[in-house]
Structures are given as C-alpha cells and as structure tokens.
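What follows is one structure encoded as structure tokens, with my remarks underneath.
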Protein chains: 2
Amino acid sequence: MADEALFQFLHSELIQYIYKSGANGETENGKNITKLEAMGFRVGQGLIERFTKETPRFKDELDVMKFICKDFWTCLFKKQIDNLRTNHQGIYVLQDNSFRLLSQLSAGKQYLEHAPKYLAFTCGLVRGGLSDLGLKSVVTAEVAGMPACKFQVMIQKV
Amino acid sequence: MADEALFQFLHSELIQYIYKSGANGETENGKNITKLEAMGFRVGQGLIERFTKETPRFKDELDVMKFICKDFWTCLFKKQIDNLRTNHQGIYVLQDNSFRLLSQLSAGKQYLEHAPKYLAFTCGLVRGGLSDLGLKSVVTAEVAGMPACKFQVMIQKV
C-alpha cells in the first residue's frame with residue numbers, strides 16, 4: 001500500500017507542478033497533457049524493458065495486449081484491467097472499473113473536467129510500453145463515471 | 001522490483017523535467033533543488049499520514065528517528081538505513097551505504113556534482129515526514145563515494 005501511495009503522491013505532485021509552472025488557458029492545458037503523456041511514455045518504455053527481461057516472446061498483438069492488461073497493469077496499479085475488448089482490427093478498449101489514479105478525486109460531475117490530466121501520464125505509460133514491445137499506437141482515455149475509465153488503444157500499422 | 005522501478009523512473013523524469021524547464025546557471029540550480037525538496041516535503045507528509053495511522057505513539061525524538069530509518073526507509077527504498085548516529089542534541093546522521101536513487105548513476109567522480117539533484121527530493125521526504133510527526137528539521141545530504149550517502153537531520157527546537 002505504501003509503495004502505491006508513493007507513486008500516487010508523486011504523480012499528483014507532478015501534475016500540480018506542471019500545471020503551476022505553465023500559464024493557464026486551453027492551449028496550455030493541451031501542452032501540459034502532452035508533457036505528462038511524454039513523461040509516461042519514457043517511464044513506460046523503461047518499465048517494460050526491465051519487466052520483460054525474462055518473459056517469453058509474445059505470439060501476437062493480442063498476446064501483447066493481454067500482457068499489458070494483466071502483468072503490466074498489476075505492476076502499476078495492483079489490479080488487472082477489468083475488461084478488454086477488441087474489434088480484431090487493431091483497436092482495443094481497456095476498461096478499469098476503479099482506476100487508482102482517479103480514486104482520490106471526488107466523484108462529483110464538476111471534477112470530470114479535471115480527469116484528463118489524471119489520465120495523460122497513464123496513456124503515455126501504455127503507449128511507451130507497447131512501443132518497446134514493437135507496437136506503435138495512439139492511446140486515449142475517457143471517463144464515463146468516476147472512478148471507472150476506458151483506455152482506447154489504436155495500433156498503427158507500419 | 002517493478003514498484004520500485006516505477007518510482008525510480010518517475011523520479012528521474014521529474015528531475016529532468018524540472019531541469020529542462022528552468023534555465024541553467026548556479027542560481028537556477030539552487031531553485032531547482034528547492035523545488036524538488038518542496039515536492040518531497042509534501043509527498044513525505046502524505047506518506048507519513050497514511051503510514052502511521054495504526055502506529056502507536058512515539059516515545060521520544062530518537063524513537064521517531066528510528067521509525068524513519070527502519071519503517072519509512074523500507075517503505076520508500078526496500079531497505080533500512082545502514083547506520084544511525086546522533087550527538088543526542090538534535091543532530092542525526094543517517095547513512096545509507098547503497099542509496100537506491102543513486103544506484104543508477106555511474107560511480108565516476110565526474111558524476112558527483114550531479115548527486116545533489118538526486119538527493120533533494122529525499123531530503124524533502126524526510127523533512128516532510130518528520131514535520132508530520134511534530135518535528136521541525138533541516139535535512140541535508142552529502143555523497144562521499146557513490147552510491148553511499150549520508151543524510152544529516154538537524155532538529156529545530158521550537
């Protein structure tokens with residue numbers, strides 16, 4: 001629990017720092033999200049490198065996605081993704097019914113607008129992890145009702 | 001291991017981000033160290049709050065310091081402080097013979113100058129933790145030979 005707390009607190013500090021150091025406004029918000037996502041990307045790459053040292057090779061794309069949903073998610077958030085869906089054409093939807101990094105936020109509707117900044121780093125984590133496993137992707141996230149959220153992964157065919 | 005890696009990677013990203021977003025120069029370096037320390041302070045406060053919920057009250061200052069060296073350090077870095085010394089007048093020296101956040105740095109002397117930025121956040125963590133336990137302090141750190149380092153805690157009598 002304490003480990004997780006360390007990451008959660010540091011993650012919140014990071015968001016606050018990035019938002020405080022930049023100006024306000026719509027454009028700036030976009031930039032901050034990009035920064036958080038980029039940091040997540042690099043952390044995701046590093047983690048996967050360490051984490052898959054002794055993992056056998058993956059069979060296919062779906063096998064990689066299952067690894068992200070189970071092992072990677074458990075390592076990050078101490079739980080698995082609750083639901084994985086795919087159209088079998090490179091689009092995957094990962095649903096987490098109680099996403100850890102949202103669980104500190106109040107569930108009121110007025111906080112929904114703040115959700116994206118709590119998701120950007122994790123989108124980056126997933127994109128970075130996949131990139132290190134040879135899959136180029138675009139990862140977005142949306143919150144339906146807190147603290148549940150969905151990550152959509154679109155694999156980019158090269 | 002993976003948990004620890006998550007924290008370590010995020011910590012490195014944070015340092016890089018803070019150093020990149022500011023200008024260079026001596027003054028700026030000092031400011032960046034202050035920022036990192038302040039972030040550590042808030043994270044340390046948050047962690048101690050969660051972490052001591054079920055801990056019995058501490059007998060005295062030394063008891064608090066032992067808690068920091070054992071439980072708090074283990075929670076943060078998966079190991080205890082290797083050596084604790086005190087002059088019994090409010091000064092404590094905590095020695096960690098293989099400090100986790102330095103272990104990625106190469107041990108060459110040319111990297112010694114970069115060590116302070118890898119220690120600032122942790123100085124803040126300790127100061128924040130102590131503050132939440134009712135002890136106002138000044139915490140500094142020095143590296144003798146990597147990856148060993150010493151944290152000096154000076155308790156401020158109020």
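Following the order of the structure tokens, chains are lettered A, B, ..., residues in each are numbered from 1, and ligands are numbered from 1.
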
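For chain B, backbone-based DSSP labels the following residues as strand (DSSP E): Asn83, Leu84, Arg85, Thr86, Ile91, Tyr92, Val93, Leu94, Gln95, Asp96, Ser137, Val138, Val139, Thr140, Ala141, Glu142, Val143, Cys149, Lys150, Phe151, Gln152, Val153, Met154 and Ile155 of chain B.
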
Using only C-alpha atoms, I'd like every residue of chain B that has an atom within 7 Å of chain A; please write them out as a ChimeraX atom specification.
/B:2-3,5-7,9-10,13,39,43,47,51,75-76

The selected residues should be written to file as a compact mmCIF listing (two decimals), in the first residue's frame (atoms: N, CA and C atoms).
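Output contents, as saved in result-v3.txt:
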# COMPACT_ATOMS: atom_id res chain seq x y z
N ALA B 2 9.36 -4.09 -9.58
CA ALA B 2 8.70 -3.24 -10.57
C ALA B 2 8.16 -1.96 -9.93
N ASP B 3 7.65 -2.09 -8.71
CA ASP B 3 7.14 -0.92 -7.99
C ASP B 3 8.22 0.11 -7.82
N ALA B 5 10.91 0.35 -9.46
CA ALA B 5 11.32 0.89 -10.75
C ALA B 5 10.40 2.03 -11.16
N LEU B 6 9.11 1.87 -10.94
CA LEU B 6 8.14 2.91 -11.30
C LEU B 6 8.50 4.22 -10.61
N PHE B 7 8.76 4.13 -9.32
CA PHE B 7 9.14 5.32 -8.56
C PHE B 7 10.47 5.89 -9.06
N PHE B 9 11.95 5.60 -12.01
CA PHE B 9 11.84 6.21 -13.34
C PHE B 9 11.10 7.54 -13.25
N LEU B 10 10.03 7.57 -12.48
CA LEU B 10 9.25 8.80 -12.36
C LEU B 10 10.10 9.88 -11.70
N GLU B 13 12.48 11.25 -14.27
CA GLU B 13 11.75 12.11 -15.21
C GLU B 13 11.49 13.48 -14.61
N MET B 39 8.67 19.38 -3.20
CA MET B 39 7.78 18.30 -3.63
C MET B 39 7.95 17.10 -2.71
N VAL B 43 5.10 15.10 -0.39
CA VAL B 43 4.91 13.65 -0.52
C VAL B 43 5.20 12.96 0.82
N LEU B 47 2.67 10.59 2.90
CA LEU B 47 3.01 9.20 3.19
C LEU B 47 2.94 8.91 4.68
N PHE B 51 0.82 6.25 6.66
CA PHE B 51 1.67 5.17 7.13
C PHE B 51 1.62 5.00 8.64
N CYS B 75 9.81 1.31 3.41
CA CYS B 75 8.66 1.59 2.55
C CYS B 75 9.09 2.32 1.28
N LEU B 76 10.03 3.22 1.41
CA LEU B 76 10.48 4.02 0.27
C LEU B 76 11.48 3.28 -0.60

Neighbouring residues of Asp60 of chain B were defined as those with any atom within 12 Å, considering only C-alpha atoms; residues of the same chain fewer than 4 positions away were excluded. Please report them as number ranges by chain.
B: 64-67, 88, 90, 133-135

May I have the residues from that selection written out with N, CA and C atoms, as a compact mmCIF listing (two decimals), in the first residue's frame?
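Generated file (out-v1.txt):
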# COMPACT_ATOMS: atom_id res chain seq x y z
N VAL B 64 11.22 8.41 17.04
CA VAL B 64 10.76 8.87 15.72
C VAL B 64 11.85 8.63 14.69
N MET B 65 13.08 8.97 15.01
CA MET B 65 14.18 8.80 14.06
C MET B 65 14.37 7.33 13.70
N LYS B 66 14.21 6.45 14.68
CA LYS B 66 14.35 5.03 14.39
C LYS B 66 13.25 4.56 13.43
N PHE B 67 12.07 5.11 13.62
CA PHE B 67 10.97 4.79 12.73
C PHE B 67 11.29 5.22 11.29
N HIS B 88 22.92 13.33 20.40
CA HIS B 88 21.94 13.48 21.47
C HIS B 88 21.59 14.95 21.75
N GLY B 90 20.03 16.73 19.10
CA GLY B 90 19.18 17.11 17.97
C GLY B 90 19.80 16.94 16.60
N LEU B 133 5.22 14.38 12.01
CA LEU B 133 5.33 13.72 13.33
C LEU B 133 5.70 14.74 14.40
N GLY B 134 5.59 16.01 14.05
CA GLY B 134 5.77 17.06 15.06
C GLY B 134 7.19 17.57 15.23
N LEU B 135 8.09 17.17 14.35
CA LEU B 135 9.47 17.63 14.49
C LEU B 135 9.86 18.53 13.32

Would you return as a PyMOL selection string the members of chain B that DSSP assigns to helix (DSSP H, G or I) on this structure's backbone?
chain B and resi 2-21+26-51+61-77+100-102+109-132
